[in-house]
Amino acid sequence: MVRKLIDLKTSARQTRLAGALEDVVTALELPAAYPAAALAEATAAVEALELPAVDLTDIEFATIDPPTSTDLDQAVHIARAGEGYTVRYAIADVPAFIDVGGALDAETRRRGQTLYLPGHRIPLHPEIISEDAGSLLPGRRRGAYVWTFQLDSGAQVLRSELVRATVASRQKLDYAGVQAAIDAGTAPDSLALLREVGLKRIEAERERGGASLRIPEQEVEVDDAGFYRLEARAPLPLEDWNAQISLMTGMEAARIMLEGRIGILRTMPAPDEHGAAAFRREARSLGVPWQQGVPYGEFLRSLDVRQPRQLAIMHAATSLFRGAGYTAFDGEVPDERIQAAIAAPYAHATAPLRRLVDRFVLVVCEHLVRGAEVPPGIRAALPLLPEAMQASNQIAGNVERAAIDTVEAALLADRIGERFEAVTLNGATPEQIAAARDNGNVPGGRLQLLDPAVTARYEGTAEAGERVVAELVEADITRRTVLFRLG
């Protein structure tokens, strides 16, 4: 894993940065405090909560999340079962707190998902639910939707069960600690098996033709002293293994809903011929051709993002992952039902504390498994969810980009005129560069500095994947802009 931490140390710049981040909330018109009626409903629901009668507190569940997380949606336990495995996955019982049609339901539909900014978050649910009574905190009895998967020796699903039950997570773990324990061979069996099952599920994904982007992520964090920092990191292997359990659950939820002919799927079309052809040209121009007959997921897995040109190809591959949305259905199975990157039908079903649609998927699946009618309020809400989630996803993307842009500008604000080594993530073809020069235009694109971990716009003539030296010409905290110029 590659990590680069950059502290913004001067108090004056910290103050300006904190103010600029507060401005993001205002500029994007993000939700403020929860309405009183919704808070009253949440408090009443917590006080009146009755845990499910099915008792699974003997299962030694554990959660795996970032160290500071307190809104814990999922807990996992894996055991061997002959030549195969038994995977149990507990998902927070958020529906137990929310009356469909009430004030709390209305506010969560308006918000759509938890929004994350440096140092704080704007929660989907009031904290009395999301960080306390509904969170799968260690040592606490909690309601959960518990999925039980029987897997064969290749980690393929043989059968599944879903039941509302009372659980008690044993440990709140973090990714780095679990990865270290697995690598050292000291992890308990349930966690050690996460690697084994995860790798087999990744192989199954490869065989299905699934794909994933492996672009190092930029994250903004705030330390205990209140100082902001920018972190660029590649995901740990554990995160991929853990994600496979969530993906398996979402695929099973989709299967149940399709068989029951009611629900909501997360869908994405396969790359169209035009987009695939354009990406092939770009990969070929960067010296790593995508050969005919090789699935795009297989090609992306072959890339080494430590190599500048191959990192540029991975960034270009985002063009293949467009058009994701939600498809609701009731009565007729939709033609559009595949999530192309997963290469299977799929639904969001594992993060109800942080994402609106998961709550409805869990209720639909649990009723279908029991052979019960889906409640009318849930049924009526399904066709409204795609628009609500698309709007929320757009807001979340804007928030993330604005926060990172603000911190990058603060990081570089006093370094105008300095020159930095960088890699161009996109750029122009030689023909486009020549045409721009003939027309007196200034082409450009985006680049990634080698140090610090910043991506930004540049002006100048370069092809994607080039090692360049770029001069910083603008870093404005208030406007959240950073601009480089190639010499």
# chains A, B, ... in the order shown; residues from 1 in each chain; ligands from 1
>>> residues_around(residues="Arg446 in chain A", least_positions_apart="4", cutoff="12 Å", atoms="only C-alpha atoms", output="ChimeraX atom specification")
/A:312,315-316,422-428,454-466,468,470,482-486
>>> residues_around(residues="Gly397 in chain A", least_positions_apart="6", cutoff="12 Å", atoms="only C-alpha atoms", output="ChimeraX atom specification")
/A:28,113-117,390-391,403-404
>>> write_last_selection(atoms="C-alpha atoms", output="mmCIF file, in the first residue's frame")
data_model
loop_
_atom_site.group_PDB
_atom_site.id
_atom_site.type_symbol
_atom_site.label_atom_id
_atom_site.label_comp_id
_atom_site.auth_asym_id
_atom_site.auth_seq_id
_atom_site.Cartn_x
_atom_site.Cartn_y
_atom_site.Cartn_z
ATOM 1 C CA LEU A 28 -23.927 23.017 -2.023
ATOM 2 C CA GLN A 113 -27.122 9.032 2.021
ATOM 3 C CA THR A 114 -24.578 10.091 4.606
ATOM 4 C CA LEU A 115 -22.304 12.843 3.316
ATOM 5 C CA TYR A 116 -18.683 12.894 4.459
ATOM 6 C CA LEU A 117 -16.615 16.037 4.888
ATOM 7 C CA GLN A 390 -29.237 9.553 -8.390
ATOM 8 C CA ALA A 391 -29.656 13.064 -6.983
ATOM 9 C CA ALA A 403 -13.467 18.894 -0.054
ATOM 10 C CA ILE A 404 -10.413 17.482 -1.819
#
>>> closest_residue(among="A:Arg233, A:Arg111, A:Arg195, A:Arg170", to="Ile182 in chain A", atoms="only C-alpha atoms")
A:Arg195
>>> select_by_dssp(residues="range 327-445 of chain A", states="strand (DSSP E or B)", output="list in words")
Thr327, Ala328, Phe329, Asp330, Gln339, Ala344, Arg355, Arg419, Phe420, Glu421, Ala422, Val423, Thr424, Gly444 and Gly445 of chain A
>>> residues_around(residues="Tyr89 in chain A", least_positions_apart="4", cutoff="7 Å", atoms="only C-alpha atoms", output="count of residues only")
7
>>> closest_residue(among="A:Pro216, A:Pro95, A:Gly260, A:Gly134", to="Arg370 in chain A", atoms="only C-alpha atoms")
A:Gly260
>>> residues_around(residues="range 408-420 of chain A", least_positions_apart="2", cutoff="9 Å", atoms="only C-alpha atoms", output="PyMOL selection string")
chain A and resi 6-8+13-14+16-17+229-230+403-406+422+449-456+468-482+484
>>> write_last_selection(atoms="N, CA and C atoms", output="mmCIF file, in the first residue's frame")
data_model
loop_
_atom_site.group_PDB
_atom_site.id
_atom_site.type_symbol
_atom_site.label_atom_id
_atom_site.label_comp_id
_atom_site.auth_asym_id
_atom_site.auth_seq_id
_atom_site.Cartn_x
_atom_site.Cartn_y
_atom_site.Cartn_z
ATOM 1 N N ILE A 6 0.160 14.501 4.121
ATOM 2 C CA ILE A 6 0.621 15.872 3.994
ATOM 3 C C ILE A 6 -0.105 16.701 5.027
ATOM 4 N N ASP A 7 0.611 17.241 5.995
ATOM 5 C CA ASP A 7 -0.011 18.058 7.025
ATOM 6 C C ASP A 7 -0.078 19.510 6.577
ATOM 7 N N LEU A 8 -1.159 20.172 6.943
ATOM 8 C CA LEU A 8 -1.320 21.600 6.706
ATOM 9 C C LEU A 8 -1.088 22.280 8.049
ATOM 10 N N ARG A 13 -3.444 29.047 7.990
ATOM 11 C CA ARG A 13 -3.969 28.318 6.836
ATOM 12 C C ARG A 13 -5.035 27.313 7.278
ATOM 13 N N GLN A 14 -4.853 26.734 8.466
ATOM 14 C CA GLN A 14 -5.865 25.835 8.993
ATOM 15 C C GLN A 14 -7.194 26.568 9.189
ATOM 16 N N ARG A 16 -8.249 29.298 7.599
ATOM 17 C CA ARG A 16 -8.835 29.584 6.294
ATOM 18 C C ARG A 16 -9.441 28.322 5.690
ATOM 19 N N LEU A 17 -8.752 27.218 5.869
ATOM 20 C CA LEU A 17 -9.240 25.959 5.314
ATOM 21 C C LEU A 17 -10.547 25.540 5.990
ATOM 22 N N ARG A 229 -5.263 16.708 6.775
ATOM 23 C CA ARG A 229 -4.205 16.103 5.991
ATOM 24 C C ARG A 229 -4.826 15.431 4.770
ATOM 25 N N LEU A 230 -4.030 15.345 3.725
ATOM 26 C CA LEU A 230 -4.451 14.712 2.483
ATOM 27 C C LEU A 230 -3.719 13.398 2.354
ATOM 28 N N ALA A 403 -14.321 19.008 -1.240
ATOM 29 C CA ALA A 403 -13.467 18.894 -0.054
ATOM 30 C C ALA A 403 -12.015 18.668 -0.447
ATOM 31 N N ILE A 404 -11.786 17.760 -1.397
ATOM 32 C CA ILE A 404 -10.413 17.482 -1.819
ATOM 33 C C ILE A 404 -9.807 18.698 -2.509
ATOM 34 N N ASP A 405 -10.581 19.351 -3.377
ATOM 35 C CA ASP A 405 -10.074 20.545 -4.066
ATOM 36 C C ASP A 405 -9.687 21.625 -3.064
ATOM 37 N N THR A 406 -10.489 21.779 -2.012
ATOM 38 C CA THR A 406 -10.213 22.811 -1.010
ATOM 39 C C THR A 406 -8.919 22.511 -0.264
ATOM 40 N N ALA A 422 5.453 15.403 -12.074
ATOM 41 C CA ALA A 422 4.085 14.901 -12.145
ATOM 42 C C ALA A 422 3.954 13.898 -13.275
ATOM 43 N N LEU A 449 0.651 14.913 -9.132
ATOM 44 C CA LEU A 449 1.999 15.179 -8.627
ATOM 45 C C LEU A 449 2.572 13.922 -7.991
ATOM 46 N N LEU A 450 3.888 13.766 -8.120
ATOM 47 C CA LEU A 450 4.534 12.654 -7.446
ATOM 48 C C LEU A 450 4.633 12.909 -5.941
ATOM 49 N N ASP A 451 4.764 14.171 -5.558
ATOM 50 C CA ASP A 451 4.824 14.557 -4.155
ATOM 51 C C ASP A 451 4.579 16.066 -4.086
ATOM 52 N N PRO A 452 3.510 16.494 -3.391
ATOM 53 C CA PRO A 452 2.554 15.761 -2.571
ATOM 54 C C PRO A 452 1.469 15.073 -3.411
ATOM 55 N N ALA A 453 0.543 14.407 -2.734
ATOM 56 C CA ALA A 453 -0.453 13.568 -3.411
ATOM 57 C C ALA A 453 -1.618 14.411 -3.907
ATOM 58 N N VAL A 454 -1.380 15.173 -4.960
ATOM 59 C CA VAL A 454 -2.368 16.104 -5.502
ATOM 60 C C VAL A 454 -2.644 15.761 -6.957
ATOM 61 N N THR A 455 -3.917 15.816 -7.350
ATOM 62 C CA THR A 455 -4.272 15.783 -8.766
ATOM 63 C C THR A 455 -4.912 17.119 -9.100
ATOM 64 N N ALA A 456 -4.619 17.653 -10.281
ATOM 65 C CA ALA A 456 -5.095 18.988 -10.623
ATOM 66 C C ALA A 456 -5.086 19.184 -12.131
ATOM 67 N N VAL A 468 6.276 14.693 -16.421
ATOM 68 C CA VAL A 468 6.473 16.098 -16.784
ATOM 69 C C VAL A 468 6.930 16.876 -15.557
ATOM 70 N N VAL A 469 7.387 18.099 -15.798
ATOM 71 C CA VAL A 469 7.646 19.071 -14.746
ATOM 72 C C VAL A 469 6.660 20.210 -14.954
ATOM 73 N N ALA A 470 5.869 20.514 -13.908
ATOM 74 C CA ALA A 470 4.799 21.488 -14.033
ATOM 75 C C ALA A 470 4.986 22.604 -13.012
ATOM 76 N N GLU A 471 4.719 23.827 -13.443
ATOM 77 C CA GLU A 471 4.809 24.988 -12.565
ATOM 78 C C GLU A 471 3.429 25.305 -11.992
ATOM 79 N N LEU A 472 3.364 25.519 -10.690
ATOM 80 C CA LEU A 472 2.114 25.892 -10.045
ATOM 81 C C LEU A 472 1.833 27.370 -10.315
ATOM 82 N N VAL A 473 0.693 27.649 -10.937
ATOM 83 C CA VAL A 473 0.350 29.035 -11.268
ATOM 84 C C VAL A 473 -0.873 29.532 -10.496
ATOM 85 N N GLU A 474 -1.621 28.644 -9.884
ATOM 86 C CA GLU A 474 -2.788 29.080 -9.121
ATOM 87 C C GLU A 474 -3.119 28.056 -8.041
ATOM 88 N N ALA A 475 -3.431 28.553 -6.828
ATOM 89 C CA ALA A 475 -3.913 27.711 -5.724
ATOM 90 C C ALA A 475 -4.774 28.597 -4.848
ATOM 91 N N ASP A 476 -6.075 28.597 -5.109
ATOM 92 C CA ASP A 476 -7.014 29.508 -4.461
ATOM 93 C C ASP A 476 -7.944 28.702 -3.546
ATOM 94 N N ILE A 477 -7.808 28.910 -2.232
ATOM 95 C CA ILE A 477 -8.613 28.150 -1.275
ATOM 96 C C ILE A 477 -10.087 28.489 -1.411
ATOM 97 N N THR A 478 -10.399 29.768 -1.542
ATOM 98 C CA THR A 478 -11.797 30.188 -1.593
ATOM 99 C C THR A 478 -12.500 29.636 -2.822
ATOM 100 N N ARG A 479 -11.835 29.681 -3.964
ATOM 101 C CA ARG A 479 -12.437 29.190 -5.204
ATOM 102 C C ARG A 479 -12.220 27.700 -5.412
ATOM 103 N N ARG A 480 -11.392 27.091 -4.550
ATOM 104 C CA ARG A 480 -11.116 25.651 -4.601
ATOM 105 C C ARG A 480 -10.492 25.269 -5.934
ATOM 106 N N THR A 481 -9.534 26.059 -6.403
ATOM 107 C CA THR A 481 -8.923 25.798 -7.700
ATOM 108 C C THR A 481 -7.412 25.684 -7.567
ATOM 109 N N VAL A 482 -6.859 24.743 -8.320
ATOM 110 C CA VAL A 482 -5.417 24.552 -8.452
ATOM 111 C C VAL A 482 -5.115 24.386 -9.936
ATOM 112 N N PHE A 484 -1.779 24.092 -12.867
ATOM 113 C CA PHE A 484 -0.362 24.021 -13.222
ATOM 114 C C PHE A 484 -0.183 24.372 -14.708
#
>>> select_by_dssp(residues="range 220-420 of chain A", states="alpha helix (DSSP H)", output="VMD selection string")
chain A and resid 237 to 260 273 to 285 296 to 301 308 to 316 356 to 370 376 to 381 385 to 412
>>> atom_distance(atom1="CA of Val222 in chain A", atom2="CA of His120 in chain A")
9.1 Å
>>> atom_distance(atom1="CA of Ser130 in chain A", atom2="CA of Met251 in chain A")
25.0 Å
>>> atom_distance(atom1="CA of Arg142 in chain A", atom2="CA of Val87 in chain A")
18.9 Å
>>> residues_around(residues="Lys172 in chain A", least_positions_apart="5", cutoff="9 Å", atoms="only C-alpha atoms", output="list in words")
Ala62, Thr63, Ile64, Asp65, Pro67, Leu72, Ala75, Leu136, Leu137 and Pro138 of chain A
>>> closest_residue(among="A:Leu56, A:Ala90, A:Ala234, A:Val364", to="Thr249 in chain A", atoms="only C-alpha atoms")
A:Ala90
>>> residues_around(residues="Glu127 in chain A", least_positions_apart="5", cutoff="12 Å", atoms="only C-alpha atoms", output="list in words")
Ala33, Tyr34, Ala38, Leu39, Ala42, Thr43, Val46, Thr70, Asp71, Leu72, Thr114, Arg121, Ile122, Asp132, Ala133, Gly134, Ser135, Leu353 and Arg354 of chain A
>>> write_last_selection(atoms="C-alpha atoms", output="PDB file, in the first residue's frame")
ATOM      1  CA  ALA A  33     -29.849  19.774  11.621  1.00  0.00           C
ATOM      2  CA  TYR A  34     -32.558  17.147  11.632  1.00  0.00           C
ATOM      3  CA  ALA A  38     -38.024  13.516  12.650  1.00  0.00           C
ATOM      4  CA  LEU A  39     -35.841  13.601  15.779  1.00  0.00           C
ATOM      5  CA  ALA A  42     -36.251   8.618  16.096  1.00  0.00           C
ATOM      6  CA  THR A  43     -36.180   9.015  19.883  1.00  0.00           C
ATOM      7  CA  VAL A  46     -35.342   3.845  20.027  1.00  0.00           C
ATOM      8  CA  THR A  70     -19.139   4.464  14.624  1.00  0.00           C
ATOM      9  CA  ASP A  71     -21.965   3.928  12.092  1.00  0.00           C
ATOM     10  CA  LEU A  72     -21.342   0.203  11.714  1.00  0.00           C
ATOM     11  CA  THR A 114     -24.578  10.091   4.606  1.00  0.00           C
ATOM     12  CA  ARG A 121     -20.370  14.016   8.443  1.00  0.00           C
ATOM     13  CA  ILE A 122     -23.950  14.849   7.598  1.00  0.00           C
ATOM     14  CA  ASP A 132     -25.883   4.157  18.737  1.00  0.00           C
ATOM     15  CA  ALA A 133     -29.078   2.092  18.786  1.00  0.00           C
ATOM     16  CA  GLY A 134     -28.866   1.000  15.144  1.00  0.00           C
ATOM     17  CA  SER A 135     -25.102   0.563  14.889  1.00  0.00           C
ATOM     18  CA  LEU A 353     -27.279   3.258   7.994  1.00  0.00           C
ATOM     19  CA  ARG A 354     -25.490   5.210   5.284  1.00  0.00           C
TER      20      ARG A 354
END
>>> residues_around(residues="range 151-162 of chain A", least_positions_apart="2", cutoff="7 Å", atoms="only C-alpha atoms", output="VMD selection string")
chain A and resid 83 to 86 145 to 149 197 200 to 201 366 369
